[in-house]
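A quick write-up on the structure given underneath.
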Amino acid sequence: MAKKPGELTPMMQQYHKFKTENPGVLLLFRCGDFYETYQEDAELAARLLGITLTRRNNGASAGDLMAGFPYHALDTYLPRLVRKGCRVAICEQLEDPKKTTKLVKRGITELVTPGVAMQDNVLQTKENNFLAAIYAFRGTVGVALLDISTGEFMCGEGGYDYVQKVIDDFQPKELLYDKTHEREFMEHFSMRMCTYGLDDWMFALTTAEQKLKKHFGVKTMKGFGIDHLKNGISAAGAIMQYLEITHHRQISHITTIQRIETDRFVRLDNFTVRSLELLQPMAHDGIALLEVIDRTATAMGGRMLRRWLTFPLKDVKQIEGRHNIVEYYFRNPEFREIVDEQLHRIADLERIISKVSTNRVNPREIRQLMEALDAVQRLKYSCAHTDNADLILAAERMNPCTEMKERIRREIVADPPLLIAKGGMIAAGVNAELDELRSMHHDSTSYLLKMQQREAQRTGIASLKVGYNNVFGYYLEVRNTYKDNVPEEWVRKQTLTSAERYITPELKEYEQKILSAEQKIQEIEEALFFRLVEDCKLLINDVQQNAVLVAQLDCLLSFALISLEN
């Protein structure tokens with residue numbers, strides 16, 4: 001039985017406040033070097049993660065169930081919880097516990113759910129991670145889909161059969177619905193995926209339109225070709241509301257919304273997709289068609305091939321266009337090898353630029369962005385020098401963002417660390433103060449030795465030594481034999497049996513520089529890195545377009561390689 005707030009310790013009152021404000025979530029509560037869970041959350045976490053279930057042994061909450069894990073193991077345990085359908089709120093310490101005598105300020109920094117996950121170890125490389133929303137009104141059902149990890153956003157509307165087909169085709173990881181119509185929702189849609197009910201006001205058309213117009217910076221939705229899809233817009237608006245309540249507010253990589261164009265494709269119902277074993281085999285030891293034909297080199301290509309397989313084209317001209325590029329690959333081995341080589345240099349451009357938008361990108365991924373843009377530049381040149389009209393058009397649309405590419409090459413070291421906190425990511429020559437601090441930090445021993453030699457020569461104290469202890473910091477030690485040679489400006493700090501220890505203004509100033517250098521280095525590196533990330537945000541549209549073009553080249557090369565093999 002839960003205790004009354006008055007009986008709880010201040011920390012547990014804080015915990016219960018966050019639990020009350022975020023119903024239905026598993027709360028990971030940062031406490032020192034651990035993320036802790038309590039009561040029913042602790043039972044669930046212990047069961048799903050296989051960690052020890054114990055009890056609190058202090059304070060007014062002694063005896064409450066508790067389970068936790070070290071903070072550095074978050075990347076190990078969080079994906080397990082999300083994959084099992086949990087909605088997880090991460091509550092961080094927002095101030096240094098050492099710098100306050102009061103209760104540490106805490107806050108929810110992220111709410112991770114199956115449909116809005118952005119962590120690499122939660123996402124499948126060659127699969128989209130869609131969040132879907134459904135809204136039915138006056139016999140028409142609107143549906144919207146968003147993959148926050150790539151920025152793809154689309155909506156459509158039709159009958160329940162149409163929406164079920166969309167759900168089957170895109171296989172969202174989480175489905176949002178209007179909880180005032182829960183019974184109707186349950187009647188029409190299976191509960192195989194994670195679902196979450198929202199308040200009806202989140203689907204209100206006026207609110208939804210305002211939300212979308214504000215995000216895209218437009219006065220009307222006509223330019224997206226969806227202005228007539230009122231229920232689809234309501235569903236899309238609900239997704240935008242959900243991003244806000246799950247603390248996903250940096251979403252500049254969601255640059256457009258488009259209509260789900262089912263009329264351009266051959267309609268394959270779920271039974272057909274399953275029977276033809278397009279994506280998954282029916283037998284335990286079987287092989288699906290996707291596995292047979294997927295020779296894609298990039299994550300974007302893998303996701304696009306999966307989409308192509310479940311949405312076969314109707315337009316003969318588009319089909320012939322694909323065939324012509326496959327034939328060009330087939331008949332031009334040199335071009336094929338160049339494209340293959342460059343594709344293998346390209347990391348997941350879509351997800352990297354999404355991380356740039358949300359400030360989640362790490363130094364290694366920024367360097368991967370540079371490498372990918374370099375490969376795009378070479379692909380652009382190769383495609384431009386073919387006699388295939390579609391490849392020439394693709395070359396014209398590619399933008400290798402040369403200026404930013406070269407800036408990353410100059411500013412980020414060739415082999416940067418994975419974590420920003422590790423430091424050492426900014427190259428030499430980028431910032432004079434940083435170079436000076438690094439030199440000081442690395443060469444402090446050499447500097448002190450030179451100071452010792454210089455002062456010994458100046459004062460005639462042959463036995464002069466520079467030392468360090470935790471009480472006085474750096475000091476100059478003079479044996480009693482030479483104490484008459486000590487200059488007046490030196491300040492005595494300690495008397496030993498056979499020697500005296502002194503400090504000088506120069507020594508104290510240098511000590512302060514050395515001790516603060518590491519922190520200052522970190523601050524400058526982080527500032528330079530995030531300034532670079534901020535400027536990379538200007539490339540979001542170009543990089544997303546590059547990703548689509550690269551994915552198309554990759555899919556068609558995959559077809560060519562299969563053709564060659566067979």
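Each chain in the structure tokens gets a letter, A, B, ..., in the order shown, and its residues are numbered from 1; ligands are numbered from 1 in order too.
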
### Task
Can you pull out every residue within 12 Å of Arg47 of chain A, counting only C-alpha atoms, but drop anything in the same chain fewer than 5 positions away, and send it as JSON, numbers by chain?
{"A": [40, 41, 42, 52, 53, 67, 68, 80, 81, 84]}

### Query
What are the DSSP alpha helix (DSSP H) residues of segment 152-371 of chain A, as JSON, numbers by chain?
{"A": [160, 161, 162, 163, 164, 165, 166, 167, 168, 169, 170, 182, 183, 184, 185, 186, 187, 188, 205, 206, 207, 208, 209, 210, 211, 212, 213, 214, 215, 216, 230, 231, 232, 233, 234, 235, 236, 237, 238, 239, 240, 241, 242, 243, 244, 245, 270, 271, 272, 273, 274, 275, 289, 290, 291, 292, 293, 299, 300, 301, 302, 303, 304, 305, 306, 307, 308, 309, 310, 316, 317, 318, 319, 320, 321, 322, 323, 324, 325, 326, 327, 328, 329, 330, 331, 333, 334, 335, 336, 337, 338, 339, 340, 341, 342, 343, 349, 350, 351, 352, 353, 354, 355, 356, 357, 363, 364, 365, 366, 367, 368, 369, 370, 371]}

Take the residues from that selection and put them in a file with C-alpha atoms, as a JSON list (two decimals), in the first residue's frame.
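Contents of the output file out_6.json:
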[["chain", "number", "residue", "atom", "x", "y", "z"],
["A", 160, "TYR", "CA", -11.12, 1.00, -42.07],
["A", 161, "ASP", "CA", -9.88, -1.52, -44.68],
["A", 162, "TYR", "CA", -7.63, 1.14, -46.22],
["A", 163, "VAL", "CA", -6.13, 2.08, -42.86],
["A", 164, "GLN", "CA", -5.63, -1.56, -41.88],
["A", 165, "LYS", "CA", -3.73, -2.03, -45.16],
["A", 166, "VAL", "CA", -1.53, 1.01, -44.35],
["A", 167, "ILE", "CA", -0.84, -0.38, -40.86],
["A", 168, "ASP", "CA", 0.00, -3.81, -42.32],
["A", 169, "ASP", "CA", 2.33, -2.30, -44.94],
["A", 170, "PHE", "CA", 4.23, 0.13, -42.73],
["A", 182, "GLU", "CA", -11.42, 3.19, -27.55],
["A", 183, "ARG", "CA", -14.10, 0.51, -28.07],
["A", 184, "GLU", "CA", -14.43, 1.35, -31.78],
["A", 185, "PHE", "CA", -10.64, 1.34, -32.14],
["A", 186, "MET", "CA", -10.34, -2.07, -30.44],
["A", 187, "GLU", "CA", -13.01, -3.54, -32.74],
["A", 188, "HIS", "CA", -11.12, -2.67, -35.92],
["A", 205, "LEU", "CA", -8.68, 19.67, -36.65],
["A", 206, "THR", "CA", -8.12, 23.37, -35.89],
["A", 207, "THR", "CA", -5.40, 22.59, -33.34],
["A", 208, "ALA", "CA", -3.79, 20.04, -35.66],
["A", 209, "GLU", "CA", -3.69, 22.43, -38.64],
["A", 210, "GLN", "CA", -2.21, 25.22, -36.52],
["A", 211, "LYS", "CA", 0.43, 22.87, -35.12],
["A", 212, "LEU", "CA", 1.46, 21.64, -38.59],
["A", 213, "LYS", "CA", 1.44, 25.12, -40.20],
["A", 214, "LYS", "CA", 3.58, 26.52, -37.40],
["A", 215, "HIS", "CA", 6.08, 23.66, -37.64],
["A", 216, "PHE", "CA", 6.46, 23.84, -41.43],
["A", 230, "LYS", "CA", -9.06, 16.49, -42.79],
["A", 231, "ASN", "CA", -8.95, 13.33, -40.65],
["A", 232, "GLY", "CA", -5.41, 12.61, -41.88],
["A", 233, "ILE", "CA", -4.40, 16.10, -40.73],
["A", 234, "SER", "CA", -6.05, 15.45, -37.35],
["A", 235, "ALA", "CA", -3.99, 12.25, -36.99],
["A", 236, "ALA", "CA", -0.79, 14.07, -38.03],
["A", 237, "GLY", "CA", -1.52, 16.84, -35.50],
["A", 238, "ALA", "CA", -1.94, 14.24, -32.76],
["A", 239, "ILE", "CA", 1.52, 12.90, -33.60],
["A", 240, "MET", "CA", 2.97, 16.40, -33.21],
["A", 241, "GLN", "CA", 1.23, 16.73, -29.82],
["A", 242, "TYR", "CA", 2.65, 13.35, -28.79],
["A", 243, "LEU", "CA", 6.19, 14.48, -29.68],
["A", 244, "GLU", "CA", 5.73, 17.42, -27.34],
["A", 245, "ILE", "CA", 4.49, 15.36, -24.38],
["A", 270, "ASN", "CA", -1.37, -8.66, -45.56],
["A", 271, "PHE", "CA", -2.37, -12.22, -46.51],
["A", 272, "THR", "CA", -0.60, -11.87, -49.89],
["A", 273, "VAL", "CA", 2.57, -10.39, -48.35],
["A", 274, "ARG", "CA", 2.65, -13.24, -45.85],
["A", 275, "SER", "CA", 1.81, -15.99, -48.38],
["A", 289, "LEU", "CA", 12.30, -12.90, -50.72],
["A", 290, "LEU", "CA", 13.78, -9.75, -49.13],
["A", 291, "GLU", "CA", 16.67, -11.76, -47.73],
["A", 292, "VAL", "CA", 17.34, -13.27, -51.17],
["A", 293, "ILE", "CA", 17.43, -10.00, -53.13],
["A", 299, "ALA", "CA", 20.88, 1.40, -44.31],
["A", 300, "MET", "CA", 18.82, 3.82, -46.42],
["A", 301, "GLY", "CA", 18.95, 1.43, -49.36],
["A", 302, "GLY", "CA", 17.85, -1.47, -47.15],
["A", 303, "ARG", "CA", 14.84, 0.48, -45.87],
["A", 304, "MET", "CA", 13.89, 1.61, -49.39],
["A", 305, "LEU", "CA", 14.15, -1.93, -50.83],
["A", 306, "ARG", "CA", 11.80, -3.17, -48.12],
["A", 307, "ARG", "CA", 9.32, -0.43, -49.11],
["A", 308, "TRP", "CA", 9.65, -1.21, -52.85],
["A", 309, "LEU", "CA", 8.92, -4.86, -52.19],
["A", 310, "THR", "CA", 5.61, -4.20, -50.42],
["A", 316, "VAL", "CA", 5.33, 1.18, -66.68],
["A", 317, "LYS", "CA", 7.58, 4.20, -67.39],
["A", 318, "GLN", "CA", 8.91, 4.19, -63.82],
["A", 319, "ILE", "CA", 9.47, 0.44, -63.97],
["A", 320, "GLU", "CA", 11.36, 0.79, -67.27],
["A", 321, "GLY", "CA", 13.41, 3.61, -65.75],
["A", 322, "ARG", "CA", 14.57, 1.26, -62.98],
["A", 323, "HIS", "CA", 15.28, -1.48, -65.53],
["A", 324, "ASN", "CA", 17.42, 0.89, -67.62],
["A", 325, "ILE", "CA", 19.63, 1.80, -64.64],
["A", 326, "VAL", "CA", 19.99, -1.89, -63.70],
["A", 327, "GLU", "CA", 21.01, -2.59, -67.31],
["A", 328, "TYR", "CA", 23.52, 0.28, -67.19],
["A", 329, "TYR", "CA", 25.09, -1.21, -64.05],
["A", 330, "PHE", "CA", 25.05, -4.63, -65.71],
["A", 331, "ARG", "CA", 26.78, -3.49, -68.91],
["A", 333, "PRO", "CA", 31.34, -2.97, -64.70],
["A", 334, "GLU", "CA", 33.65, 0.01, -64.09],
["A", 335, "PHE", "CA", 30.69, 2.27, -63.18],
["A", 336, "ARG", "CA", 29.18, -0.52, -61.09],
["A", 337, "GLU", "CA", 32.38, -0.98, -59.11],
["A", 338, "ILE", "CA", 32.79, 2.78, -58.51],
["A", 339, "VAL", "CA", 29.21, 3.07, -57.18],
["A", 340, "ASP", "CA", 29.60, -0.05, -55.04],
["A", 341, "GLU", "CA", 32.84, 1.26, -53.55],
["A", 342, "GLN", "CA", 31.34, 4.67, -52.71],
["A", 343, "LEU", "CA", 28.12, 3.21, -51.26],
["A", 349, "LEU", "CA", 22.74, 9.64, -43.66],
["A", 350, "GLU", "CA", 19.03, 9.91, -42.79],
["A", 351, "ARG", "CA", 19.52, 9.03, -39.13],
["A", 352, "ILE", "CA", 22.76, 10.99, -38.73],
["A", 353, "ILE", "CA", 21.15, 14.22, -39.99],
["A", 354, "SER", "CA", 18.15, 13.54, -37.71],
["A", 355, "LYS", "CA", 20.59, 13.31, -34.79],
["A", 356, "VAL", "CA", 22.14, 16.60, -35.91],
["A", 357, "SER", "CA", 18.67, 18.18, -35.73],
["A", 363, "PRO", "CA", 31.82, 13.33, -33.00],
["A", 364, "ARG", "CA", 32.28, 10.03, -34.82],
["A", 365, "GLU", "CA", 28.96, 10.45, -36.63],
["A", 366, "ILE", "CA", 29.89, 14.00, -37.70],
["A", 367, "ARG", "CA", 33.04, 12.58, -39.26],
["A", 368, "GLN", "CA", 30.90, 9.85, -40.90],
["A", 369, "LEU", "CA", 28.74, 12.64, -42.35],
["A", 370, "MET", "CA", 31.86, 14.14, -43.93],
["A", 371, "GLU", "CA", 32.91, 10.75, -45.35]]

### Task
For segment 545-550 of chain A, please output as a VMD selection string all residues within 9 Å (counting only C-alpha atoms; exclusion window: fewer than 4 positions along the same chain).
chain A and resid 298 300 to 301 304 343 346 348 to 350 373 376 379 394 to 395 397 to 400 540 to 541 554 to 555

Store the residues picked out above, limited to N, CA, C and O atoms, as a tab-separated table (two decimals), in the first residue's frame.
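Below you can see again30.tsv, which holds the result:
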chain	number	residue	atom	x	y	z
A	298	THR	N	23.84	0.22	-47.98
A	298	THR	CA	23.53	1.27	-47.01
A	298	THR	C	22.23	0.96	-46.27
A	298	THR	O	21.38	0.24	-46.78
A	300	MET	N	19.92	3.17	-45.68
A	300	MET	CA	18.82	3.82	-46.42
A	300	MET	C	18.34	2.95	-47.56
A	300	MET	O	17.14	2.82	-47.82
A	301	GLY	N	19.30	2.32	-48.26
A	301	GLY	CA	18.95	1.43	-49.36
A	301	GLY	C	18.16	0.23	-48.88
A	301	GLY	O	17.19	-0.19	-49.51
A	304	MET	N	14.63	1.33	-48.16
A	304	MET	CA	13.89	1.61	-49.39
A	304	MET	C	13.52	0.32	-50.12
A	304	MET	O	12.40	0.18	-50.63
A	343	LEU	N	29.25	3.53	-52.14
A	343	LEU	CA	28.12	3.21	-51.26
A	343	LEU	C	28.60	2.61	-49.93
A	343	LEU	O	28.02	2.87	-48.87
A	346	ILE	N	29.27	5.07	-47.12
A	346	ILE	CA	28.20	5.95	-46.65
A	346	ILE	C	27.47	5.33	-45.45
A	346	ILE	O	26.85	4.27	-45.56
A	348	ASP	N	24.54	5.83	-42.24
A	348	ASP	CA	23.10	6.09	-42.32
A	348	ASP	C	22.84	7.60	-42.31
A	348	ASP	O	22.59	8.21	-41.27
A	349	LEU	N	22.89	8.18	-43.52
A	349	LEU	CA	22.74	9.64	-43.66
A	349	LEU	C	21.45	10.16	-43.06
A	349	LEU	O	21.43	11.21	-42.40
A	350	GLU	N	20.34	9.45	-43.29
A	350	GLU	CA	19.03	9.91	-42.79
A	350	GLU	C	19.04	10.03	-41.27
A	350	GLU	O	18.58	11.03	-40.71
A	373	LEU	N	29.43	12.56	-47.42
A	373	LEU	CA	29.34	13.66	-48.39
A	373	LEU	C	30.46	13.57	-49.43
A	373	LEU	O	30.27	13.92	-50.60
A	376	VAL	N	29.28	11.04	-51.82
A	376	VAL	CA	28.22	11.62	-52.65
A	376	VAL	C	28.84	12.45	-53.78
A	376	VAL	O	28.36	12.40	-54.93
A	379	LEU	N	29.98	10.04	-56.37
A	379	LEU	CA	28.82	9.46	-57.05
A	379	LEU	C	28.23	10.47	-58.04
A	379	LEU	O	27.84	10.11	-59.15
A	394	ALA	N	19.81	12.40	-61.42
A	394	ALA	CA	20.19	12.14	-60.02
A	394	ALA	C	21.44	12.94	-59.67
A	394	ALA	O	21.53	13.53	-58.57
A	395	ALA	N	22.40	12.99	-60.60
A	395	ALA	CA	23.64	13.75	-60.35
A	395	ALA	C	23.34	15.23	-60.14
A	395	ALA	O	23.91	15.88	-59.26
A	397	ARG	N	20.71	16.52	-58.91
A	397	ARG	CA	20.00	16.74	-57.65
A	397	ARG	C	20.88	16.50	-56.43
A	397	ARG	O	20.53	16.87	-55.31
A	398	MET	N	22.02	15.84	-56.61
A	398	MET	CA	22.93	15.58	-55.48
A	398	MET	C	23.67	16.85	-55.08
A	398	MET	O	24.13	17.59	-55.94
A	399	ASN	N	23.81	17.06	-53.78
A	399	ASN	CA	24.57	18.20	-53.28
A	399	ASN	C	25.57	17.70	-52.24
A	399	ASN	O	25.20	17.36	-51.12
A	400	PRO	N	26.86	17.65	-52.60
A	400	PRO	CA	27.86	17.13	-51.65
A	400	PRO	C	28.21	18.12	-50.53
A	400	PRO	O	29.05	17.80	-49.69
A	540	ILE	N	20.10	20.13	-43.59
A	540	ILE	CA	19.15	19.02	-43.41
A	540	ILE	C	18.46	18.63	-44.71
A	540	ILE	O	18.45	17.45	-45.10
A	541	ASN	N	17.88	19.59	-45.43
A	541	ASN	CA	17.16	19.28	-46.67
A	541	ASN	C	18.06	18.63	-47.70
A	541	ASN	O	17.68	17.65	-48.35
A	554	ASP	N	21.45	2.47	-54.58
A	554	ASP	CA	21.79	1.26	-53.82
A	554	ASP	C	20.83	0.12	-54.15
A	554	ASP	O	21.25	-1.03	-54.40
A	555	CYS	N	19.53	0.42	-54.15
A	555	CYS	CA	18.52	-0.62	-54.46
A	555	CYS	C	18.73	-1.18	-55.87
A	555	CYS	O	18.66	-2.40	-56.09

### Message
Using only C-alpha atoms, can you tell me which of A:Val25, A:Leu556, A:Met118, A:Leu175 comes closest to Leu131 of chain A?
### Response
A:Leu175

### Task
Quote the spacing between atom CA of Cys536 of chain A and atom CA of Met404 of chain A in Å to one decimal place.
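We find that atom CA of Cys536 of chain A and atom CA of Met404 of chain A lie 7.3 Å from each other.
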
### Query
Which residue, A:Leu103, A:Ala133, A:Leu437, A:Ala46, has the smallest gap to Glu523 of chain A when you use only C-alpha atoms?
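Looking only at the distances to Glu523 of chain A, the closest residue turns out to be A:Leu437.
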
### Gap from atom CA of Leu26 of chain A to atom CA of Arg83 of chain A - Å, one decimal
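Going from atom CA of Leu26 of chain A over to atom CA of Arg83 of chain A covers 13.4 Å.
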
#### Entry: Computed interatomic separation between atom CA of Glu518 of chain A and atom CA of Thr504 of chain A (Å)
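Atom-to-atom, atom CA of Glu518 of chain A to atom CA of Thr504 of chain A, that is 22.4 Å.
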
Sort by chain and increasing residue number a table of all residues of segment 267-361 of chain A within 12 Å of segment 411-431 of chain A, each with its closest pair of atoms and their distance in Å to one decimal, counting only C-alpha atoms, and write it as CSV.
residue,atom,partner,partner_atom,distance
A:Asn359,CA,A:Ile420,CA,11.5
A:Arg360,CA,A:Ile420,CA,10.3
A:Val361,CA,A:Ile420,CA,9.3

Quick one: write out the picked residues with all heavy atoms as a compact mmCIF listing (two decimals), in the first residue's frame?
# COMPACT_ATOMS: atom_id res chain seq x y z
N ASN A 359 20.43 17.40 -31.75
CA ASN A 359 21.64 17.57 -30.92
C ASN A 359 22.07 16.27 -30.24
O ASN A 359 22.64 16.29 -29.15
CB ASN A 359 21.45 18.67 -29.87
CG ASN A 359 21.42 20.05 -30.48
OD1 ASN A 359 22.04 20.29 -31.52
ND2 ASN A 359 20.69 20.96 -29.87
N ARG A 360 21.78 15.13 -30.88
CA ARG A 360 22.18 13.84 -30.32
C ARG A 360 23.38 13.25 -31.06
O ARG A 360 23.83 12.16 -30.74
CB ARG A 360 21.03 12.83 -30.44
CG ARG A 360 19.81 13.13 -29.60
CD ARG A 360 18.64 12.30 -30.06
NE ARG A 360 17.45 12.52 -29.26
CZ ARG A 360 17.07 11.76 -28.24
NH1 ARG A 360 17.79 10.72 -27.89
NH2 ARG A 360 15.98 12.02 -27.56
N VAL A 361 23.87 13.96 -32.04
CA VAL A 361 24.94 13.42 -32.88
C VAL A 361 26.25 13.42 -32.11
O VAL A 361 26.52 14.31 -31.30
CB VAL A 361 25.05 14.23 -34.20
CG1 VAL A 361 25.58 15.64 -33.94
CG2 VAL A 361 25.86 13.49 -35.24
